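Undergrad: Data file query-v1.txt (compact mmCIF, C-alpha atoms (C1' of nucleotides)) is appended below.
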```txt
# COMPACT_ATOMS: atom_id res chain seq x y z
CA MET L 1 0.00 0.00 0.00
CA LEU L 2 1.28 3.40 -0.96
CA THR L 3 0.84 6.73 0.74
CA ILE L 4 -0.55 9.51 -1.37
CA GLY L 5 2.89 11.01 -1.85
CA LYS L 6 4.42 7.79 -3.19
CA LEU L 7 1.44 7.23 -5.41
CA GLY L 8 1.76 10.73 -6.80
CA ALA L 9 5.46 10.29 -7.45
CA GLN L 10 4.90 6.99 -9.26
CA ALA L 11 2.03 8.21 -11.39
CA ARG L 12 3.52 11.69 -11.83
CA VAL L 13 0.37 13.26 -10.46
CA LYS L 14 0.53 15.91 -7.80
CA VAL L 15 -0.83 15.08 -4.39
CA PRO L 16 -3.54 17.76 -4.33
CA THR L 17 -4.63 16.58 -7.76
CA ILE L 18 -5.16 13.05 -6.44
CA ARG L 19 -7.25 14.38 -3.61
CA TYR L 20 -9.15 16.47 -6.10
CA TYR L 21 -9.86 13.42 -8.25
CA GLU L 22 -11.19 11.64 -5.20
CA GLN L 23 -13.32 14.62 -4.31
CA ILE L 24 -15.00 14.71 -7.70
CA GLY L 25 -15.47 10.97 -7.66
CA LEU L 26 -13.00 10.07 -10.38
CA LEU L 27 -11.09 7.97 -7.89
CA PRO L 28 -12.91 5.96 -5.23
CA GLU L 29 -12.45 7.00 -1.62
CA ALA L 30 -9.13 5.66 -0.48
CA GLU L 31 -8.63 3.34 2.45
CA ARG L 32 -7.18 5.02 5.50
CA SER L 33 -4.38 4.17 7.88
CA THR L 34 -4.94 4.25 11.62
CA GLY L 35 -3.68 7.83 11.50
CA ASN L 36 -6.28 8.69 8.86
CA GLN L 37 -3.87 8.90 5.97
CA ARG L 38 -4.88 7.63 2.56
CA LEU L 39 -3.49 4.28 1.42
CA TYR L 40 -3.53 3.05 -2.14
CA SER L 41 -3.44 -0.39 -3.70
CA ARG L 42 -1.92 -1.30 -7.02
CA LYS L 43 -5.40 -1.22 -8.48
CA ALA L 44 -5.81 2.40 -7.45
CA MET L 45 -2.41 3.09 -8.96
CA GLU L 46 -3.54 1.66 -12.29
CA ARG L 47 -6.67 3.71 -12.26
CA LEU L 48 -4.70 6.86 -11.62
CA ALA L 49 -2.23 6.01 -14.37
CA PHE L 50 -5.16 5.57 -16.73
CA ILE L 51 -6.48 8.99 -15.79
CA ARG L 52 -3.08 10.59 -16.13
CA HIS L 53 -2.53 9.07 -19.52
CA ALA L 54 -5.92 10.11 -20.79
CA ARG L 55 -5.35 13.64 -19.52
CA ASP L 56 -2.04 13.68 -21.36
CA LEU L 57 -3.93 12.84 -24.49
CA GLY L 58 -6.22 15.77 -23.90
CA PHE L 59 -9.37 13.96 -22.79
CA THR L 60 -11.57 15.97 -20.47
CA LEU L 61 -12.32 14.62 -17.02
CA GLU L 62 -15.87 14.00 -18.17
CA ALA L 63 -14.67 11.84 -21.05
CA ILE L 64 -12.31 10.05 -18.70
CA ARG L 65 -15.16 9.38 -16.32
CA ASP L 66 -17.02 7.70 -19.17
CA LEU L 67 -13.98 5.75 -20.30
CA LEU L 68 -13.37 4.52 -16.77
CA SER L 69 -16.91 3.36 -16.32
CA LEU L 70 -16.65 1.55 -19.64
CA SER L 71 -13.45 -0.13 -18.61
CA ASP L 72 -15.27 -1.39 -15.54
CA ARG L 73 -17.65 -3.35 -17.77
CA PRO L 74 -15.31 -5.47 -19.90
CA ASP L 75 -18.06 -7.48 -21.56
CA GLN L 76 -19.83 -4.62 -23.19
CA SER L 77 -19.23 -3.37 -26.69
CA CYS L 78 -16.28 -1.15 -27.20
CA ALA L 79 -18.19 1.15 -29.54
CA ALA L 80 -18.71 3.81 -26.90
CA ALA L 81 -15.03 3.93 -26.00
CA ASP L 82 -14.18 4.11 -29.66
CA ALA L 83 -16.62 6.97 -30.14
CA ILE L 84 -15.11 8.95 -27.29
CA ALA L 85 -11.62 8.49 -28.70
CA ARG L 86 -12.78 9.46 -32.18
CA ALA L 87 -14.46 12.56 -30.83
CA GLN L 88 -11.24 13.49 -29.10
CA LEU L 89 -9.35 12.96 -32.32
CA VAL L 90 -11.75 15.25 -34.16
CA GLU L 91 -11.34 17.83 -31.43
CA VAL L 92 -7.56 17.65 -31.58
CA GLU L 93 -7.63 17.89 -35.35
CA SER L 94 -9.76 20.97 -35.27
CA ARG L 95 -7.57 22.66 -32.72
CA LEU L 96 -4.56 21.74 -34.79
CA ALA L 97 -6.04 23.27 -37.91
CA ARG L 98 -6.98 26.40 -36.06
CA LEU L 99 -3.56 26.78 -34.47
CA ALA L 100 -1.90 26.37 -37.84
CA VAL L 101 -3.84 29.37 -39.11
CA LEU L 102 -2.94 31.39 -36.03
CA LYS L 103 0.69 30.49 -36.43
CA ALA L 104 0.73 31.71 -40.01
CA GLU L 105 -0.95 34.95 -39.02
CA LEU L 106 1.40 35.57 -36.12
CA GLU L 107 4.39 34.86 -38.33
CA ARG L 108 3.21 37.34 -40.89
CA MET L 109 2.70 39.85 -38.15
CA VAL L 110 6.13 39.62 -36.57
CA LEU L 111 7.91 39.40 -39.92
CA GLN L 112 6.32 42.64 -41.04
CA CYS L 113 7.28 44.47 -37.91
CA ALA L 114 10.12 46.76 -38.91
CA GLY L 115 10.96 47.58 -35.32
CA GLY L 116 10.27 51.28 -35.35
CA ARG L 117 7.82 53.23 -33.23
CA ILE L 118 4.47 51.97 -32.01
CA ALA L 119 2.75 54.30 -34.45
CA ASP L 120 4.22 52.28 -37.32
CA CYS L 121 4.01 48.91 -35.66
CA ARG L 122 2.48 46.22 -37.79
CA VAL L 123 1.62 44.12 -34.78
CA ILE L 124 -0.54 46.80 -33.25
CA GLU L 125 -1.94 47.79 -36.60
CA VAL L 126 -2.91 44.30 -37.63
CA LEU L 127 -4.51 43.63 -34.27
CA GLY L 128 -6.59 46.74 -34.71
CA ASP L 129 -7.74 45.85 -38.17
CA HIS L 130 -8.70 42.32 -38.99
CA SER L 131 -8.96 43.10 -42.70
CA LEU L 132 -5.17 43.24 -42.78
CA CYS L 133 -5.10 39.53 -42.08
CA ALA L 134 -4.39 36.98 -44.73
CA THR L 135 -7.03 34.59 -43.45
CA ASP L 136 -10.26 34.76 -41.59
CA HIS L 137 -9.12 33.11 -38.42
CA ARG L 138 -12.11 34.26 -36.46
CA HIS L 139 -13.83 31.60 -34.47
CA PRO L 140 -16.75 31.39 -32.06
CA GLU L 141 -14.77 29.68 -29.34
CA ALA L 142 -11.80 31.59 -28.05
CA GLU L 143 -8.66 29.64 -27.57
CA ALA L 144 -8.00 28.41 -24.04
CA ALA L 145 -4.66 29.26 -22.50
CA ALA L 146 -2.36 26.29 -22.06
CA MET D 1 -23.28 56.11 -29.85
CA LEU D 2 -24.08 52.43 -29.62
CA THR D 3 -25.85 50.50 -26.92
CA ILE D 4 -24.03 47.52 -25.53
CA GLY D 5 -26.14 45.14 -27.62
CA LYS D 6 -25.32 46.88 -30.90
CA LEU D 7 -21.66 47.09 -29.96
CA GLY D 8 -21.59 43.40 -29.18
CA ALA D 9 -23.27 42.52 -32.45
CA GLN D 10 -20.82 44.64 -34.45
CA ALA D 11 -17.71 43.38 -32.70
CA ARG D 12 -19.05 39.83 -32.37
CA VAL D 13 -18.51 39.93 -28.62
CA LYS D 14 -21.22 38.83 -26.23
CA VAL D 15 -22.80 41.45 -24.05
CA PRO D 16 -21.76 39.92 -20.71
CA THR D 17 -18.22 39.65 -22.03
CA ILE D 18 -18.14 43.37 -22.74
CA ARG D 19 -19.31 44.10 -19.21
CA TYR D 20 -16.70 41.68 -17.95
CA TYR D 21 -13.96 43.48 -19.87
CA GLU D 22 -15.08 46.73 -18.33
CA GLN D 23 -15.12 45.17 -14.89
CA ILE D 24 -11.53 43.98 -15.15
CA GLY D 25 -10.44 47.32 -16.59
CA LEU D 26 -9.69 46.17 -20.11
CA LEU D 27 -12.30 48.59 -21.40
CA PRO D 28 -12.76 51.99 -19.77
CA GLU D 29 -16.01 52.62 -17.94
CA ALA D 30 -18.61 53.41 -20.55
CA GLU D 31 -20.59 56.59 -20.67
CA ARG D 32 -24.15 56.19 -19.53
CA SER D 33 -27.50 57.31 -20.92
CA THR D 34 -29.99 59.12 -18.71
CA GLY D 35 -31.49 55.70 -18.01
CA ASN D 36 -28.11 54.37 -16.86
CA GLN D 37 -27.44 52.29 -19.94
CA ARG D 38 -23.95 52.05 -21.37
CA LEU D 39 -23.18 54.01 -24.53
CA TYR D 40 -20.17 53.42 -26.73
CA SER D 41 -18.28 55.63 -29.16
CA ARG D 42 -16.50 54.50 -32.28
CA LYS D 43 -13.27 54.68 -30.31
CA ALA D 44 -14.60 52.18 -27.79
CA MET D 45 -15.70 50.03 -30.70
CA GLU D 46 -12.17 50.02 -32.09
CA ARG D 47 -10.73 49.09 -28.75
CA LEU D 48 -13.12 46.19 -28.42
CA ALA D 49 -12.36 45.04 -31.96
CA PHE D 50 -8.69 45.09 -31.09
CA ILE D 51 -9.33 42.94 -28.04
CA ARG D 52 -11.52 40.55 -29.97
CA HIS D 53 -8.94 40.16 -32.69
CA ALA D 54 -6.13 39.58 -30.25
CA ARG D 55 -8.24 36.99 -28.40
CA ASP D 56 -8.87 35.28 -31.73
CA LEU D 57 -5.13 35.05 -32.14
CA GLY D 58 -4.86 33.41 -28.76
CA PHE D 59 -3.35 36.27 -26.77
CA THR D 60 -4.22 36.21 -23.09
CA LEU D 61 -6.07 39.11 -21.57
CA GLU D 62 -2.88 40.04 -19.74
CA ALA D 63 -0.96 40.23 -23.01
CA ILE D 64 -3.79 42.23 -24.52
CA ARG D 65 -3.69 44.62 -21.61
CA ASP D 66 -0.02 45.23 -22.36
CA LEU D 67 -0.59 45.59 -26.07
CA LEU D 68 -3.37 48.09 -25.48
CA SER D 69 -1.28 50.21 -23.18
CA LEU D 70 1.49 50.15 -25.77
CA SER D 71 -0.88 51.23 -28.49
CA ASP D 72 -1.79 54.18 -26.31
CA ARG D 73 1.83 55.44 -26.49
CA PRO D 74 2.44 55.69 -30.23
CA ASP D 75 5.86 57.33 -29.93
CA GLN D 76 7.56 54.58 -27.99
CA SER D 77 9.54 51.74 -29.47
CA CYS D 78 7.63 48.87 -30.86
CA ALA D 79 10.04 46.32 -29.42
CA ALA D 80 7.75 45.39 -26.54
CA ALA D 81 4.80 44.76 -28.82
CA ASP D 82 7.01 42.72 -31.07
CA ALA D 83 8.22 40.68 -28.11
CA ILE D 84 4.68 39.92 -26.98
CA ALA D 85 3.73 38.77 -30.45
CA ARG D 86 6.83 36.63 -30.76
CA ALA D 87 6.16 35.04 -27.40
CA GLN D 88 2.66 34.23 -28.54
CA LEU D 89 4.07 32.72 -31.72
CA VAL D 90 6.37 30.51 -29.70
CA GLU D 91 3.48 29.47 -27.52
CA VAL D 92 1.31 28.62 -30.50
CA GLU D 93 4.13 26.68 -32.10
CA SER D 94 4.66 24.60 -29.01
CA ARG D 95 1.00 23.81 -28.67
CA LEU D 96 0.92 22.90 -32.33
CA ALA D 97 3.80 20.47 -31.94
CA ARG D 98 2.20 18.90 -28.93
CA LEU D 99 -1.17 18.51 -30.59
CA ALA D 100 0.46 16.89 -33.61
CA VAL D 101 1.85 14.19 -31.33
CA LEU D 102 -1.50 13.70 -29.65
CA LYS D 103 -3.20 13.43 -33.00
CA ALA D 104 -0.84 10.70 -34.13
CA GLU D 105 -1.36 8.79 -30.91
CA LEU D 106 -5.12 9.07 -31.05
CA GLU D 107 -5.14 7.97 -34.67
CA ARG D 108 -3.11 4.92 -33.84
CA MET D 109 -5.48 4.19 -31.02
CA VAL D 110 -8.69 4.34 -32.98
CA LEU D 111 -7.22 2.54 -35.98
CA GLN D 112 -6.24 -0.38 -33.82
CA CYS D 113 -9.64 -0.68 -32.25
CA ALA D 114 -11.20 -3.75 -33.78
CA GLY D 115 -14.62 -2.92 -32.40
CA GLY D 116 -15.13 -5.94 -30.18
CA ARG D 117 -15.73 -6.03 -26.48
CA ILE D 118 -14.28 -3.63 -23.94
CA ALA D 119 -12.00 -6.38 -22.69
CA ASP D 120 -10.24 -6.37 -26.07
CA CYS D 121 -10.50 -2.66 -26.69
CA ARG D 122 -7.27 -1.07 -27.75
CA VAL D 123 -8.45 2.35 -26.68
CA ILE D 124 -8.96 1.28 -23.11
CA GLU D 125 -5.85 -0.83 -23.16
CA VAL D 126 -3.59 1.88 -24.50
CA LEU D 127 -4.95 4.39 -22.04
CA GLY D 128 -4.16 2.00 -19.25
CA ASP D 129 -0.61 1.41 -20.38
CA HIS D 130 1.49 4.24 -21.65
CA SER D 131 4.21 1.90 -22.84
CA LEU D 132 1.90 0.88 -25.68
CA CYS D 133 2.27 4.36 -27.10
CA ALA D 134 4.48 5.13 -30.04
CA THR D 135 5.74 8.35 -28.56
CA ASP D 136 6.31 9.79 -25.16
CA HIS D 137 3.66 12.45 -25.31
CA ARG D 138 3.71 13.06 -21.60
CA HIS D 139 3.89 16.64 -20.60
CA PRO D 140 3.95 18.61 -17.35
CA GLU D 141 1.13 20.93 -18.36
CA ALA D 142 -2.12 19.25 -19.18
CA GLU D 143 -3.93 20.48 -22.22
CA ALA D 144 -6.69 22.97 -21.60
CA ALA D 145 -10.08 22.15 -23.02
CA ALA D 146 -11.07 24.34 -25.93
C1' DA M 1 13.39 8.65 23.87
C1' DT M 2 13.19 12.95 21.76
C1' DT M 3 12.77 16.10 18.57
C1' DA M 4 12.86 18.13 14.10
C1' DA M 5 11.52 17.70 9.51
C1' DA M 6 8.71 15.98 6.15
C1' DG M 7 4.51 14.35 4.93
C1' DT M 8 -0.50 14.32 5.47
C1' DC M 9 -5.08 16.01 6.89
C1' DT M 10 -9.29 19.31 6.01
C1' DC M 11 -11.01 23.46 4.42
C1' DT M 12 -11.18 27.52 1.87
C1' DA M 13 -10.02 30.52 -1.73
C1' DG M 14 -7.88 31.57 -6.12
C1' DC M 15 -6.55 31.20 -11.36
C1' DA M 16 -8.36 32.27 -16.64
C1' DA M 17 -11.94 33.86 -19.19
C1' DC M 18 -15.87 33.80 -19.31
C1' DT M 19 -21.20 32.07 -18.82
C1' DA M 20 -25.50 31.77 -16.47
C1' DT M 21 -29.04 33.04 -13.36
C1' DA M 22 -32.21 36.06 -10.72
C1' DG M 23 -34.68 39.97 -10.15
C1' DC M 24 -35.01 44.37 -11.35
C1' DT M 25 -35.48 48.79 -14.72
C1' DT M 26 -35.64 50.98 -19.20
C1' DC M 27 -36.60 51.39 -23.95
C1' DA M 28 -38.88 50.91 -28.56
C1' DA M 29 -42.77 49.30 -31.32
C1' DG M 30 -47.50 48.81 -32.12
C1' DC A 1 -50.27 52.21 -23.02
C1' DT A 2 -48.83 47.97 -22.94
C1' DT A 3 -45.81 44.38 -23.92
C1' DG A 4 -41.57 42.26 -24.94
C1' DA A 5 -36.82 42.88 -25.83
C1' DA A 6 -32.84 44.71 -24.09
C1' DG A 7 -30.44 46.64 -20.31
C1' DC A 8 -28.95 46.89 -15.27
C1' DT A 9 -26.49 44.80 -10.84
C1' DA A 10 -24.89 41.11 -8.24
C1' DT A 11 -23.78 36.55 -7.43
C1' DA A 12 -22.48 31.94 -8.49
C1' DG A 13 -20.98 28.40 -11.69
C1' DT A 14 -17.70 26.38 -15.26
C1' DT A 15 -12.85 23.31 -15.95
C1' DG A 16 -8.95 21.41 -13.88
C1' DC A 17 -6.50 22.22 -11.00
C1' DT A 18 -3.14 25.10 -7.44
C1' DA A 19 -2.02 27.51 -3.18
C1' DG A 20 -2.54 28.59 1.37
C1' DA A 21 -3.69 28.07 6.56
C1' DG A 22 -3.41 25.48 10.61
C1' DA A 23 -3.50 20.93 12.72
C1' DC A 24 -1.96 16.17 12.93
C1' DT A 25 1.05 11.91 11.81
C1' DT A 26 4.98 9.67 10.46
C1' DT A 27 9.86 9.13 9.77
C1' DA A 28 14.74 9.86 10.57
C1' DA A 29 18.36 11.44 13.10
C1' DT A 30 20.20 12.23 17.47
```
I'd like the structure from this file rewritten - as structure tokens, please.

TA:
Amino acid sequence: MLTIGKLGAQARVKVPTIRYYEQIGLLPEAERSTGNQRLYSRKAMERLAFIRHARDLGFTLEAIRDLLSLSDRPDQSCAAADAIARAQLVEVESRLARLAVLKAELERMVLQCAGGRIADCRVIEVLGDHSLCATDHRHPEAEAAA
Amino acid sequence: MLTIGKLGAQARVKVPTIRYYEQIGLLPEAERSTGNQRLYSRKAMERLAFIRHARDLGFTLEAIRDLLSLSDRPDQSCAAADAIARAQLVEVESRLARLAVLKAELERMVLQCAGGRIADCRVIEVLGDHSLCATDHRHPEAEAAA
DNA sequence: ATTAAAGTCTCTAGCAACTATAGCTTCAAG
DNA sequence: CTTGAAGCTATAGTTGCTAGAGACTTTAAT
């Protein structure tokens, strides 16, 4: 049995994050030592590794919750899991496409900047006037900060 | 002078977002009508368009705050604005690279899924075991949901 | 055996960048 | 003159954590 700190070190998940996952029900409530400290089995470790890996691949906690509950029912069809993964792929592809456009626009912007005064700055000017852009990169959803 | 609704429609920014920008000091406090409703000039409209455009390009509100205060001092050097834009470019490039890896991994995952039972599901299996991955896509910062 | 340090506990609040809700007032059209 | 849309304030919720306070437990060195 591992303490929360050891578990976190092994799974590369921070301790408060583990407690947070328990709090939102992504991890089951841990057993406790006599001194009330959490203790984890290898099974719990695997579950956490699963979560960590899925997070690394960009799945939301909601999607992970679904994937975990699927993995708890090994006899059912795998179509739902497949659908979640495909949806994530579509999501990643769309973000990728969008970022590629942004990258091009930002490159154009900084290349054109001659480095003079603000009044002549292409960066400021382009930001103020979308029609100076090469592409229509506008999008309903704003980009989330990484 | 525009009401907040008209302004939002023109700049494609939602009304509560405009009020939020005012609240955090990104937009100056708007003039008010006799009935206490906000009224906006063309200048305010331009400022909001600038913000919207910068958000579209993925700049954080903090970066936008800096860019706006730079654009208010047209005689200063444009180096700072250039630096902010370059930093954003670097950021976008790194997210792009990371997403490309995720995409490849997700593609592999869904391609391998034969569509049987959960017990045989590659998606679930790969998520549970990182060593099945082609690349080490692990990363300190988790991806933010778009 | 003692003590200091490190680890753990709960609880609360904070981050970005909004979005939603409630309950009110004001405005514009018919 | 009424009705419905649009506006107002204020508060709380979203996602996925992260940071702190203040108390307790465990471990390691003395």

Undergrad: Identify, on the basis of only C-alpha atoms (C1' of nucleotides), every residue whose closest approach to region 8-25 of chain M does not exceed 7 Å; exclude the query and any residue fewer than 3 positions from it along the same chain; express the result as JSON, numbers by chain.

TA: {"L": [37], "D": [17], "A": [8, 24, 25]}

Undergrad: Quick one: pull the distance between CA of Ser71 (chain D) and CA of Ala119 (chain L), Å, one decimal.

TA: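 Distance between the two atoms: 7.6 Å.
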
Undergrad: Go ahead and compute the interatomic distance for CA of Asp56 (chain L) and CA of Glu125 (chain D), in Å to one decimal.

TA: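 Rounded to one decimal, the two atoms are 15.1 Å apart.
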
Undergrad: Superposing chain D on chain L by least squares with every Cα paired in order, what RMSD results?

TA: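 That comparison of chain L with chain D gives 0.2 Å.
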
Undergrad: Please indicate the distance in Å from CA of Ala49 (chain D) to CA of Pro74 (chain D), rounded to one decimal place.

TA: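 Computing the Euclidean distance for CA of Ala49 (chain D) and CA of Pro74 (chain D) yields 18.3 Å.
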
Undergrad: Would you mind listing, as a PyMOL selection string, all residues of chain D that have at least one atom within 12 Å of chain M, where all atoms listed in the file are what counts?

TA: chain D and resi 3+13-21+24+33-38+55+58-62+144+146

Undergrad: For chain D, which of L:Arg32, L:His130, L:Lys6, L:Arg65 is the closest residue, counting only C-alpha atoms?

TA: L:His130
